[in-house]
>>> print(open('data05.csv').read())   # CSV, C-alpha atoms and all ligand atoms
chain,number,residue,atom,x,y,z
A,24,MET,CA,112.5,89.9,103.8
A,25,ASN,CA,109.6,91.8,102.4
A,26,GLU,CA,109.0,94.2,105.2
A,27,ARG,CA,108.8,97.9,104.3
A,28,GLN,CA,112.2,99.6,103.8
A,29,SER,CA,113.0,102.9,105.4
A,30,VAL,CA,114.5,106.1,104.2
A,31,LEU,CA,116.1,108.9,106.3
A,32,ILE,CA,115.7,112.4,104.8
A,33,VAL,CA,118.2,115.0,106.0
A,34,ASP,CA,117.7,118.6,105.1
A,35,ASP,CA,117.8,121.8,107.1
A,36,GLU,CA,114.9,123.2,105.1
A,37,VAL,CA,111.6,121.7,106.1
A,38,SER,CA,110.0,122.4,102.7
A,39,ASN,CA,112.6,120.1,101.0
A,40,ILE,CA,111.9,117.3,103.5
A,41,GLU,CA,108.2,117.7,102.7
A,42,ILE,CA,108.7,117.4,98.9
A,43,LEU,CA,110.9,114.3,99.3
A,44,SER,CA,108.7,112.8,101.9
A,45,ALA,CA,105.6,113.2,99.7
A,46,ALA,CA,107.4,111.4,96.8
A,47,LEU,CA,108.4,108.4,99.0
A,48,GLU,CA,106.0,108.0,101.9
A,49,ASP,CA,103.6,105.7,100.0
A,50,ASP,CA,106.4,103.1,99.5
A,51,TYR,CA,108.7,103.5,102.4
A,52,GLU,CA,108.8,104.3,106.1
A,53,ILE,CA,110.3,107.8,106.4
A,54,TYR,CA,112.5,109.3,109.1
A,55,PHE,CA,113.7,112.9,108.9
A,56,ALA,CA,116.4,115.1,110.5
A,57,THR,CA,117.0,118.8,110.1
A,58,SER,CA,120.6,118.9,111.1
A,59,GLY,CA,123.8,116.8,110.7
A,60,GLU,CA,124.0,115.9,114.3
A,61,GLU,CA,120.4,114.7,114.4
A,62,ALA,CA,121.0,112.8,111.2
A,63,VAL,CA,123.9,110.8,112.8
A,64,ASP,CA,121.8,110.0,115.9
A,65,ILE,CA,118.7,108.9,113.9
A,66,ALA,CA,120.8,106.8,111.5
A,67,ARG,CA,122.4,104.9,114.4
A,68,THR,CA,119.1,104.5,116.3
A,69,ASN,CA,116.8,103.5,113.4
A,70,MET,CA,119.2,101.9,110.9
A,71,PRO,CA,117.5,103.2,107.8
A,72,ASP,CA,117.9,101.3,104.5
A,73,LEU,CA,118.9,104.5,102.7
A,74,ILE,CA,119.8,108.1,103.5
A,75,LEU,CA,119.0,111.2,101.4
A,76,LEU,CA,121.5,113.8,102.6
A,77,ASP,CA,121.6,117.5,102.1
A,78,VAL,CA,125.1,119.0,101.9
A,79,LEU,CA,124.7,122.6,103.0
A,80,MET,CA,123.4,122.8,106.5
A,81,PRO,CA,124.4,125.0,109.5
A,82,GLY,CA,126.7,123.2,111.9
A,83,THR,CA,127.7,119.7,110.7
A,84,ASP,CA,127.4,119.7,106.9
A,85,GLY,CA,126.5,116.7,104.8
A,86,TYR,CA,130.1,115.8,103.9
A,87,VAL,CA,130.9,115.4,107.5
A,88,VAL,CA,127.8,113.4,108.2
A,89,CYS,CA,128.7,111.1,105.3
A,90,SER,CA,132.3,110.6,106.5
A,91,THR,CA,131.1,109.9,110.0
A,92,LEU,CA,128.5,107.4,109.0
A,93,LYS,CA,130.8,105.6,106.5
A,94,ALA,CA,133.4,105.1,109.3
A,95,ASP,CA,130.8,103.6,111.7
A,96,PRO,CA,130.7,99.8,111.6
A,97,LEU,CA,127.0,99.8,112.5
A,98,VAL,CA,125.7,102.0,109.7
A,99,GLY,CA,128.7,102.1,107.3
A,100,ASP,CA,127.0,100.2,104.5
A,101,VAL,CA,123.8,102.2,104.5
A,102,PRO,CA,123.6,103.8,101.0
A,103,ILE,CA,123.7,107.6,101.0
A,104,ILE,CA,122.4,109.8,98.2
A,105,PHE,CA,123.3,113.5,98.3
A,106,THR,CA,120.5,115.8,97.4
A,107,THR,CA,122.0,119.3,97.1
A,108,ALA,CA,122.0,122.7,95.5
A,109,LEU,CA,125.7,122.4,94.9
A,110,GLY,CA,125.7,121.6,91.2
A,111,ASP,CA,129.4,121.8,90.3
A,112,ARG,CA,131.5,118.8,89.3
A,113,ASP,CA,134.0,119.2,92.2
A,114,ALA,CA,131.2,119.0,94.8
A,115,GLU,CA,129.7,115.9,93.1
A,116,VAL,CA,133.1,114.2,92.9
A,117,ARG,CA,133.8,115.0,96.6
A,118,GLY,CA,130.4,113.5,97.6
A,119,LEU,CA,130.9,110.3,95.7
A,120,THR,CA,134.5,110.0,96.9
A,121,LEU,CA,133.3,110.1,100.4
A,122,GLY,CA,131.3,107.0,99.7
A,123,ALA,CA,127.9,108.3,98.6
A,124,ILE,CA,126.2,106.0,96.1
A,125,ASP,CA,124.5,108.8,94.1
A,126,TYR,CA,124.3,112.6,93.8
A,127,ILE,CA,121.1,114.5,92.9
A,128,THR,CA,121.1,118.2,92.4
A,129,LYS,CA,118.3,120.6,93.3
A,130,PRO,CA,115.7,121.5,92.2
A,131,ILE,CA,114.8,117.9,92.6
A,132,SER,CA,112.3,116.1,90.4
A,133,PRO,CA,110.2,113.9,92.8
A,134,VAL,CA,109.6,111.2,90.1
A,135,ALA,CA,113.3,110.9,89.3
A,136,VAL,CA,114.2,110.8,93.0
A,137,ARG,CA,111.6,108.1,93.5
A,138,ALA,CA,113.1,106.0,90.6
A,139,ARG,CA,116.6,106.3,91.9
A,140,VAL,CA,115.6,105.5,95.4
A,141,ARG,CA,113.8,102.4,94.2
A,142,ASN,CA,116.8,101.2,92.3
A,143,HIS,CA,119.2,101.7,95.2
A,144,LEU,CA,116.8,100.1,97.6
A,145,ASP,CA,116.4,97.1,95.4
A,146,MET,CA,120.2,96.7,95.3
A,147,LYS,CA,120.4,97.2,99.0
A,148,ARG,CA,117.8,94.4,99.6
A,149,MET,CA,119.7,92.1,97.3
A,150,ARG,CA,123.0,92.9,99.1
A,151,ASP,CA,121.4,92.3,102.5
A,152,GLN,CA,120.1,88.9,101.3
A,153,LEU,CA,123.5,87.9,99.9
A,154,ALA,CA,125.2,89.0,103.2
A,155,GLU,CA,122.7,86.9,105.1
A,156,MET,CA,123.3,83.9,102.8
A,157,ALA,CA,127.0,84.3,103.3
A,158,VAL,CA,126.6,83.5,107.0
A,159,THR,CA,123.8,80.9,106.8
A,160,ASP,CA,124.1,77.2,106.4
A,161,ALA,CA,122.0,76.2,103.5
A,162,LEU,CA,121.1,72.7,104.8
A,163,THR,CA,119.9,73.6,108.3
A,164,GLY,CA,119.2,77.3,108.2
A,165,LEU,CA,121.5,77.8,111.2
A,166,GLY,CA,124.5,80.1,111.0
A,167,ASN,CA,127.6,78.8,109.3
A,168,ARG,CA,131.3,78.8,110.3
A,169,ARG,CA,131.7,82.4,109.0
A,170,ARG,CA,128.9,83.5,111.3
A,171,LEU,CA,130.5,81.7,114.2
A,172,GLU,CA,133.8,83.5,113.6
A,173,ARG,CA,132.1,86.8,113.3
A,174,VAL,CA,130.1,86.4,116.5
A,175,LEU,CA,133.1,85.2,118.4
A,176,ASP,CA,135.1,88.2,117.3
A,177,GLN,CA,132.3,90.6,118.3
A,178,SER,CA,132.0,88.8,121.6
A,179,ALA,CA,135.8,89.2,122.2
A,180,VAL,CA,135.4,93.0,121.7
A,181,ARG,CA,132.5,93.1,124.1
A,182,LEU,CA,134.2,90.9,126.7
A,183,ALA,CA,137.2,93.2,126.6
A,184,MET,CA,135.0,96.2,127.3
A,185,ASN,CA,133.0,94.9,130.2
A,186,GLU,CA,133.4,91.9,132.5
A,187,SER,CA,130.6,89.8,131.3
A,188,LEU,CA,130.6,86.0,130.7
A,189,LEU,CA,130.3,84.1,127.5
A,190,SER,CA,129.7,80.4,127.1
A,191,LEU,CA,130.3,78.2,124.2
A,192,ILE,CA,128.7,74.8,123.5
A,193,ILE,CA,130.0,72.4,120.9
A,194,VAL,CA,127.7,69.5,119.8
A,195,ASP,CA,128.9,66.6,117.7
A,196,ILE,CA,126.6,63.8,116.4
A,197,ASP,CA,127.8,60.3,117.6
A,198,PHE,CA,128.8,57.7,115.0
A,199,PHE,CA,127.4,59.8,112.2
A,200,LYS,CA,129.6,58.3,109.5
A,201,ARG,CA,128.0,55.0,110.3
A,202,TYR,CA,124.6,56.7,110.1
A,203,ASN,CA,125.3,57.8,106.6
A,204,ASP,CA,126.6,54.3,105.7
A,205,ALA,CA,123.5,52.6,107.2
A,206,TYR,CA,120.8,55.0,106.0
A,207,GLY,CA,122.2,56.9,103.1
A,208,HIS,CA,123.4,60.5,102.7
A,209,THR,CA,119.9,62.0,102.1
A,210,ALA,CA,118.7,60.5,105.4
A,211,GLY,CA,121.9,61.9,106.9
A,212,ASP,CA,121.0,65.3,105.7
A,213,ARG,CA,117.5,65.0,107.1
A,214,CYS,CA,119.0,63.9,110.5
A,215,LEU,CA,121.3,67.0,110.5
A,216,SER,CA,118.3,69.3,109.9
A,217,MET,CA,116.4,67.6,112.8
A,218,VAL,CA,119.3,67.9,115.2
A,219,ALA,CA,119.6,71.6,114.1
A,220,SER,CA,116.0,72.3,115.0
A,221,ALA,CA,116.3,70.6,118.3
A,222,LEU,CA,119.3,72.8,119.0
A,223,LYS,CA,117.5,75.9,117.9
A,224,ARG,CA,114.6,75.1,120.3
A,225,ALA,CA,117.0,74.7,123.2
A,226,MET,CA,118.2,78.3,122.7
A,227,GLN,CA,116.3,80.5,125.0
A,228,ARG,CA,117.5,84.0,124.4
A,229,THR,CA,117.5,86.2,121.3
A,230,ALA,CA,121.2,86.9,121.7
A,231,ASP,CA,122.1,83.2,121.6
A,232,VAL,CA,123.5,82.1,118.2
A,233,ALA,CA,123.5,78.5,116.9
A,234,VAL,CA,125.7,77.5,113.9
A,235,ARG,CA,126.7,74.4,112.0
A,236,TYR,CA,130.4,74.9,111.8
A,237,GLY,CA,131.5,71.6,110.4
A,238,GLY,CA,129.8,68.5,108.8
A,239,GLU,CA,128.0,67.2,111.8
A,240,GLU,CA,129.4,69.6,114.4
A,241,PHE,CA,127.4,72.5,115.8
A,242,ALA,CA,128.2,75.4,118.1
A,243,CYS,CA,126.1,77.6,120.3
A,244,VAL,CA,127.4,81.0,121.5
A,245,LEU,CA,125.7,82.2,124.6
A,246,PRO,CA,126.5,85.7,125.7
A,247,GLU,CA,126.1,86.7,129.3
A,248,CYS,CA,125.7,83.1,130.2
A,249,SER,CA,127.3,81.5,133.3
A,250,HIS,CA,128.8,78.0,133.1
A,251,ALA,CA,126.0,76.6,135.2
A,252,GLU,CA,123.4,78.1,132.8
A,253,ALA,CA,125.3,76.8,129.8
A,254,MET,CA,125.4,73.3,131.3
A,255,GLU,CA,121.7,73.4,131.6
A,256,VAL,CA,121.3,74.5,128.0
A,257,ALA,CA,123.7,71.7,126.9
A,258,ARG,CA,121.7,69.1,128.8
A,259,GLN,CA,118.5,70.5,127.1
A,260,ILE,CA,120.2,70.0,123.7
A,261,HIS,CA,121.3,66.5,124.6
A,262,GLN,CA,117.9,65.6,125.8
A,263,ARG,CA,116.0,67.1,122.9
A,264,VAL,CA,118.1,65.2,120.4
A,265,GLN,CA,117.4,62.1,122.3
A,266,LEU,CA,113.6,62.9,122.2
A,267,LEU,CA,113.8,63.1,118.4
A,268,ASP,CA,114.2,59.4,118.6
A,269,ILE,CA,115.9,59.0,115.2
A,270,PRO,CA,116.7,55.3,114.8
A,271,HIS,CA,120.4,54.5,114.5
A,272,ARG,CA,121.1,50.8,114.3
A,273,ALA,CA,124.8,51.2,113.7
A,274,SER,CA,125.5,53.3,116.8
A,275,ASP,CA,127.5,51.9,119.7
A,276,ALA,CA,126.1,54.6,122.0
A,277,ALA,CA,122.3,53.9,121.8
A,278,ALA,CA,119.7,52.6,119.4
A,279,PHE,CA,118.9,56.1,118.3
A,280,VAL,CA,120.9,59.2,117.2
A,281,THR,CA,122.8,60.8,120.1
A,282,VAL,CA,125.2,63.7,120.5
A,283,SER,CA,128.2,64.4,122.6
A,284,VAL,CA,128.5,67.9,124.0
A,285,GLY,CA,131.3,70.1,125.3
A,286,VAL,CA,130.8,73.3,127.3
A,287,ALA,CA,133.3,76.1,128.1
A,288,THR,CA,132.8,79.5,129.6
A,289,ALA,CA,135.1,82.4,128.7
A,290,ALA,CA,135.6,83.5,132.4
A,291,CYS,CA,137.2,80.1,133.1
A,292,VAL,CA,139.4,80.2,130.0
A,293,ALA,CA,142.8,81.8,130.3
A,294,GLY,CA,143.8,84.3,127.6
A,295,GLY,CA,140.3,85.2,126.4
A,296,ALA,CA,140.9,84.8,122.6
A,297,PRO,CA,138.1,83.1,120.6
A,298,GLU,CA,140.4,80.3,119.5
A,299,ALA,CA,141.0,79.5,123.2
A,300,TRP,CA,137.2,79.3,123.9
A,301,VAL,CA,136.7,76.9,121.0
A,302,ARG,CA,139.7,74.8,122.1
A,303,ALA,CA,138.4,74.7,125.6
A,304,ALA,CA,134.9,73.5,124.5
A,305,ASP,CA,136.5,71.1,122.1
A,306,GLU,CA,138.6,69.6,124.9
A,307,GLN,CA,135.4,68.9,126.8
A,308,LEU,CA,133.8,67.4,123.7
A,309,TYR,CA,136.8,65.1,123.4
A,310,LEU,CA,136.3,64.0,127.0
A,311,ALA,CA,132.7,63.3,126.3
A,312,LYS,CA,133.6,61.2,123.3
A,313,SER,CA,136.3,59.2,125.1
A,314,ALA,CA,134.0,58.6,128.1
A,315,GLY,CA,131.6,56.7,125.8
A,316,ARG,CA,129.8,59.5,123.8
A,317,ASN,CA,126.1,60.4,124.4
A,318,GLN,CA,126.8,62.8,127.2
A,319,VAL,CA,127.6,66.4,128.3
A,320,MET,CA,131.0,67.5,129.6
A,321,GLY,CA,132.0,70.9,130.9
B,1,LIG,P1,132.2,60.3,116.3
B,1,LIG,O1,131.1,59.6,117.1
B,1,LIG,O2,133.6,60.1,116.9
B,1,LIG,O3,131.9,61.8,116.2
B,1,LIG,O4,132.2,59.7,114.9
B,1,LIG,P2,131.5,60.2,113.6
B,1,LIG,O5,131.4,59.1,112.6
B,1,LIG,O6,130.3,61.0,113.9
B,1,LIG,O7,132.6,61.3,113.1
B,1,LIG,P3,133.5,61.4,111.8
B,1,LIG,O8,134.2,62.7,111.9
B,1,LIG,O9,134.3,60.2,111.6
B,1,LIG,O10,132.5,61.4,110.6
B,1,LIG,C1,131.6,62.5,110.4
B,1,LIG,C2,130.8,62.1,109.2
B,1,LIG,O11,129.8,63.2,108.9
B,1,LIG,C3,131.5,62.0,107.9
B,1,LIG,C4,130.6,62.5,106.8
B,1,LIG,O12,130.2,61.5,106.0
B,1,LIG,C5,129.4,63.0,107.6
B,1,LIG,N1,129.0,64.3,107.0
B,1,LIG,C6,129.7,65.5,107.1
B,1,LIG,N2,129.0,66.5,106.5
B,1,LIG,C7,127.8,65.9,106.1
B,1,LIG,C8,126.6,66.5,105.4
B,1,LIG,O13,126.5,67.7,105.1
B,1,LIG,N3,125.6,65.6,105.1
B,1,LIG,C9,125.7,64.3,105.5
B,1,LIG,N4,124.7,63.5,105.2
B,1,LIG,N5,126.8,63.8,106.1
B,1,LIG,C10,127.8,64.6,106.4
B,2,MG,MG,120.5,122.8,103.1
B,3,MG,MG,132.8,65.4,114.1
B,4,MG,MG,130.6,62.8,115.1
>>> encode(input="data05.csv", output="structure tokens", more="lines below")
Ligand code: GH3
Ligand code: MG
Ligand code: MG
Ligand code: MG
Amino acid sequence: MNERQSVLIVDDEVSNIEILSAALEDDYEIYFATSGEEAVDIARTNMPDLILLDVLMPGTDGYVVCSTLKADPLVGDVPIIFTTALGDRDAEVRGLTLGAIDYITKPISPVAVRARVRNHLDMKRMRDQLAEMAVTDALTGLGNRRRLERVLDQSAVRLAMNESLLSLIIVDIDFFKRYNDAYGHTAGDRCLSMVASALKRAMQRTADVAVRYGGEEFACVLPECSHAEAMEVARQIHQRVQLLDIPHRASDAAAFVTVSVGVATAACVAGGAPEAWVRAADEQLYLAKSAGRNQVMG
């Protein structure tokens, strides 16, 4: 999380960009734009951590840029600071009401701008960390249930737009209650972490998302993935867990920890709602359990 943060400076006067850039370039990566249109483009492409935004510009002015960006789900939470010659209260209130986090009037003091930018970027970093924590499972480092819900909702939107595929894999550790009873809860936690890393290693593409969504239940969301490909990933997961070779003397399935796995692909699920995908994968998991556990069904 300690990579260099970036600032987008927007001003139609190049001399203003130079002053602000000189004050910030030692500490941050700088992007700049000299018009409102360019600002929106660069913000969407480069996802800066903060935007310094002039109000008065020919064409699209700063207020419009601010409203446009705030309404955009991708960049809506990037903090915006107005830097403007408009010194009156009404202009300031208007800027802040549109969602800007701060308002600095020209002529600007480079040291004061640097101090404000630092404070806002520190808060941004903390906010990003909290947002990441909110979708992360503390024990395994995988995503959590909230992450799963978000990814499935996003996938539903994408699937509705283009006719791609989406596969879902659900993994459940066999006889895990007995594992805890036999080896203790701490060993159980360690087992969960090991299974999680086996799962992570079986994910091949950056778009694939793995989560722990219940106690000893995991899910993998595989965008653009056919049923046959997902079955292959599921078999990989099953095999990698087996290769961990974690002793489990109380299991009826094997002498080591095993998983049951259910696979479903959105194209073969009627309806197309995320709940239906989860239900379909869950049904396959249930079949794997009733057929004796320690296997993949899909
Ligand atoms: P099955 O083969 O049918 O899946 O049986 P099971 O025992 O694995 O399933 P069950 O749902 O009966 O029990 C799940 C157990 O997982 C119960 C609980 O003690 C354990 N568990 C859930 N969350 C955690 C956790 O965070 N840490 C540990 N150590 N155990 C957990
Ligand atoms: Mg201007
Ligand atoms: Mg379970
Ligand atoms: Mg289980």
>>> residues_near_ligand(input="data05.csv", ligand="ligand MG 2 (chain B)", cutoff="8 Å", atoms="only C-alpha atoms and all ligand atoms", output="VMD selection string")
chain A and resid 34 to 36 77 to 81 107 to 108
>>> closest_residue(input="data05.csv", among="A:Gly237, A:Gly321, A:Pro297, A:Gly118", to="ligand MG 4 (chain B)", atoms="only C-alpha atoms and all ligand atoms")
A:Gly237
>>> residues_around(input="data05.csv", residues="stretch 60-71 of chain A", least_positions_apart="4", cutoff="7 Å", atoms="only C-alpha atoms", output="compact mmCIF listing (two decimals) with C-alpha atoms, keeping the file's coordinate frame")
# COMPACT_ATOMS: atom_id res chain seq x y z
CA SER A 29 113.00 102.90 105.40
CA VAL A 30 114.50 106.10 104.20
CA LEU A 31 116.10 108.90 106.30
CA VAL A 33 118.20 115.00 106.00
CA ALA A 56 116.40 115.10 110.50
CA THR A 83 127.70 119.70 110.70
CA VAL A 88 127.80 113.40 108.20
CA LEU A 92 128.50 107.40 109.00
CA VAL A 98 125.70 102.00 109.70
>>> residues_near_ligand(input="data05.csv", ligand="ligand LIG 1 (chain B)", cutoff="9 Å", atoms="all atoms listed in the file", output="count of residues only")
35
>>> residues_around(input="data05.csv", residues="stretch 137-154 of chain A", least_positions_apart="4", cutoff="12 Å", atoms="only C-alpha atoms", output="ChimeraX atom specification")
/A:24-32,42-51,71-75,100-106,123-127,131-133,158-159,166,169-170
>>> residues_around(input="data05.csv", residues="A:Leu171", least_positions_apart="6", cutoff="9 Å", atoms="all atoms listed in the file", output="PyMOL selection string")
chain A and resi 158+232-236+242-244
>>> atom_distance(input="data05.csv", atom1="atom CA of A:Val286", atom2="atom CA of A:Ala304")
5.0 Å
>>> atom_distance(input="data05.csv", atom1="atom CA of A:Ala287", atom2="atom CA of A:Ser190")
5.7 Å
>>> atom_distance(input="data05.csv", atom1="atom CA of A:Gly315", atom2="atom CA of A:Met226")
25.6 Å
>>> closest_residue(input="data05.csv", among="A:Val174, A:Ala161, A:Leu191, A:Met320", to="A:Val301", atoms="all atoms listed in the file")
A:Leu191
>>> closest_residue(input="data05.csv", among="A:Thr120, A:Asn39, A:Val284, A:Ala205", to="ligand MG 3 (chain B)", atoms="only C-alpha atoms and all ligand atoms")
A:Val284
>>> residues_around(input="data05.csv", residues="A:Leu109", least_positions_apart="4", cutoff="8 Å", atoms="all atoms listed in the file", output="MDAnalysis selection string")
chainID A and resid 78 114:115 128:129
>>> closest_residue(input="data05.csv", among="A:Ala299, A:Ile193, A:Ala314, A:Ala135", to="ligand MG 3 (chain B)", atoms="only C-alpha atoms and all ligand atoms")
A:Ile193
>>> closest_residue(input="data05.csv", among="A:Val319, A:Glu306, A:Tyr86, A:Ser220", to="A:Val256", atoms="all atoms listed in the file")
A:Val319
>>> residues_around(input="data05.csv", residues="A:Val218", least_positions_apart="4", cutoff="8 Å", atoms="all atoms listed in the file", output="PyMOL selection string")
chain A and resi 214+222+264+267
>>> write_last_selection(input="data05.csv", atoms="C-alpha atoms", output="tab-separated table (two decimals), in the frame of the given file")
chain	number	residue	atom	x	y	z
A	214	CYS	CA	119.00	63.90	110.50
A	222	LEU	CA	119.30	72.80	119.00
A	264	VAL	CA	118.10	65.20	120.40
A	267	LEU	CA	113.80	63.10	118.40
>>> closest_residue(input="data05.csv", among="A:Asp305, A:Thr163, A:Phe55, A:Ala221", to="ligand MG 3 (chain B)", atoms="only C-alpha atoms and all ligand atoms")
A:Asp305
>>> decode(input="data05.csv", residues="stretch 46-113 of chain A", atoms="C-alpha atoms", output="CSV table (one decimal), in the first residue's frame")
chain,number,residue,atom,x,y,z
A,46,ALA,CA,5.0,22.0,-5.2
A,47,LEU,CA,3.9,18.4,-5.5
A,48,GLU,CA,6.1,16.5,-7.9
A,49,ASP,CA,8.7,15.5,-5.3
A,50,ASP,CA,6.1,13.5,-3.4
A,51,TYR,CA,3.5,12.4,-5.9
A,52,GLU,CA,3.1,11.3,-9.4
A,53,ILE,CA,1.6,14.2,-11.4
A,54,TYR,CA,-0.9,14.1,-14.3
A,55,PHE,CA,-2.3,17.3,-15.8
A,56,ALA,CA,-5.1,18.4,-18.0
A,57,THR,CA,-5.7,21.9,-19.5
A,58,SER,CA,-9.5,21.5,-20.1
A,59,GLY,CA,-12.5,20.0,-18.4
A,60,GLU,CA,-13.0,17.4,-21.2
A,61,GLU,CA,-9.4,16.2,-20.9
A,62,ALA,CA,-9.7,16.1,-17.1
A,63,VAL,CA,-12.6,13.7,-17.2
A,64,ASP,CA,-10.7,11.5,-19.7
A,65,ILE,CA,-7.5,11.4,-17.7
A,66,ALA,CA,-9.3,10.8,-14.4
A,67,ARG,CA,-11.1,7.8,-15.8
A,68,THR,CA,-8.0,6.4,-17.5
A,69,ASN,CA,-5.4,7.0,-14.7
A,70,MET,CA,-7.5,6.8,-11.5
A,71,PRO,CA,-5.6,9.5,-9.6
A,72,ASP,CA,-5.7,9.6,-5.8
A,73,LEU,CA,-6.7,13.3,-5.8
A,74,ILE,CA,-7.7,16.0,-8.2
A,75,LEU,CA,-6.8,19.7,-8.0
A,76,LEU,CA,-9.5,21.4,-10.2
A,77,ASP,CA,-9.7,24.9,-11.6
A,78,VAL,CA,-13.2,26.3,-11.9
A,79,LEU,CA,-13.0,28.9,-14.7
A,80,MET,CA,-12.0,27.2,-17.9
A,81,PRO,CA,-13.3,27.7,-21.5
A,82,GLY,CA,-15.7,24.9,-22.5
A,83,THR,CA,-16.5,22.5,-19.7
A,84,ASP,CA,-15.9,24.3,-16.4
A,85,GLY,CA,-14.7,22.9,-13.1
A,86,TYR,CA,-18.2,22.6,-11.6
A,87,VAL,CA,-19.3,20.4,-14.5
A,88,VAL,CA,-16.2,18.3,-14.3
A,89,CYS,CA,-16.8,17.8,-10.5
A,90,SER,CA,-20.5,16.8,-11.0
A,91,THR,CA,-19.5,14.4,-13.9
A,92,LEU,CA,-16.8,12.7,-11.9
A,93,LYS,CA,-18.9,12.4,-8.7
A,94,ALA,CA,-21.6,10.7,-10.7
A,95,ASP,CA,-19.2,8.2,-12.1
A,96,PRO,CA,-19.0,4.9,-10.1
A,97,LEU,CA,-15.4,4.4,-11.2
A,98,VAL,CA,-13.9,7.7,-10.0
A,99,GLY,CA,-16.7,9.0,-7.8
A,100,ASP,CA,-14.8,8.7,-4.6
A,101,VAL,CA,-11.6,10.4,-5.8
A,102,PRO,CA,-11.2,13.5,-3.6
A,103,ILE,CA,-11.5,16.8,-5.5
A,104,ILE,CA,-10.0,20.1,-4.3
A,105,PHE,CA,-11.0,23.3,-6.2
A,106,THR,CA,-8.2,25.7,-6.8
A,107,THR,CA,-9.8,28.9,-8.2
A,108,ALA,CA,-9.7,32.6,-8.5
A,109,LEU,CA,-13.4,32.7,-7.5
A,110,GLY,CA,-13.0,33.9,-3.9
A,111,ASP,CA,-16.7,34.6,-2.9
A,112,ARG,CA,-18.6,32.5,-0.4
A,113,ASP,CA,-21.3,31.4,-2.9
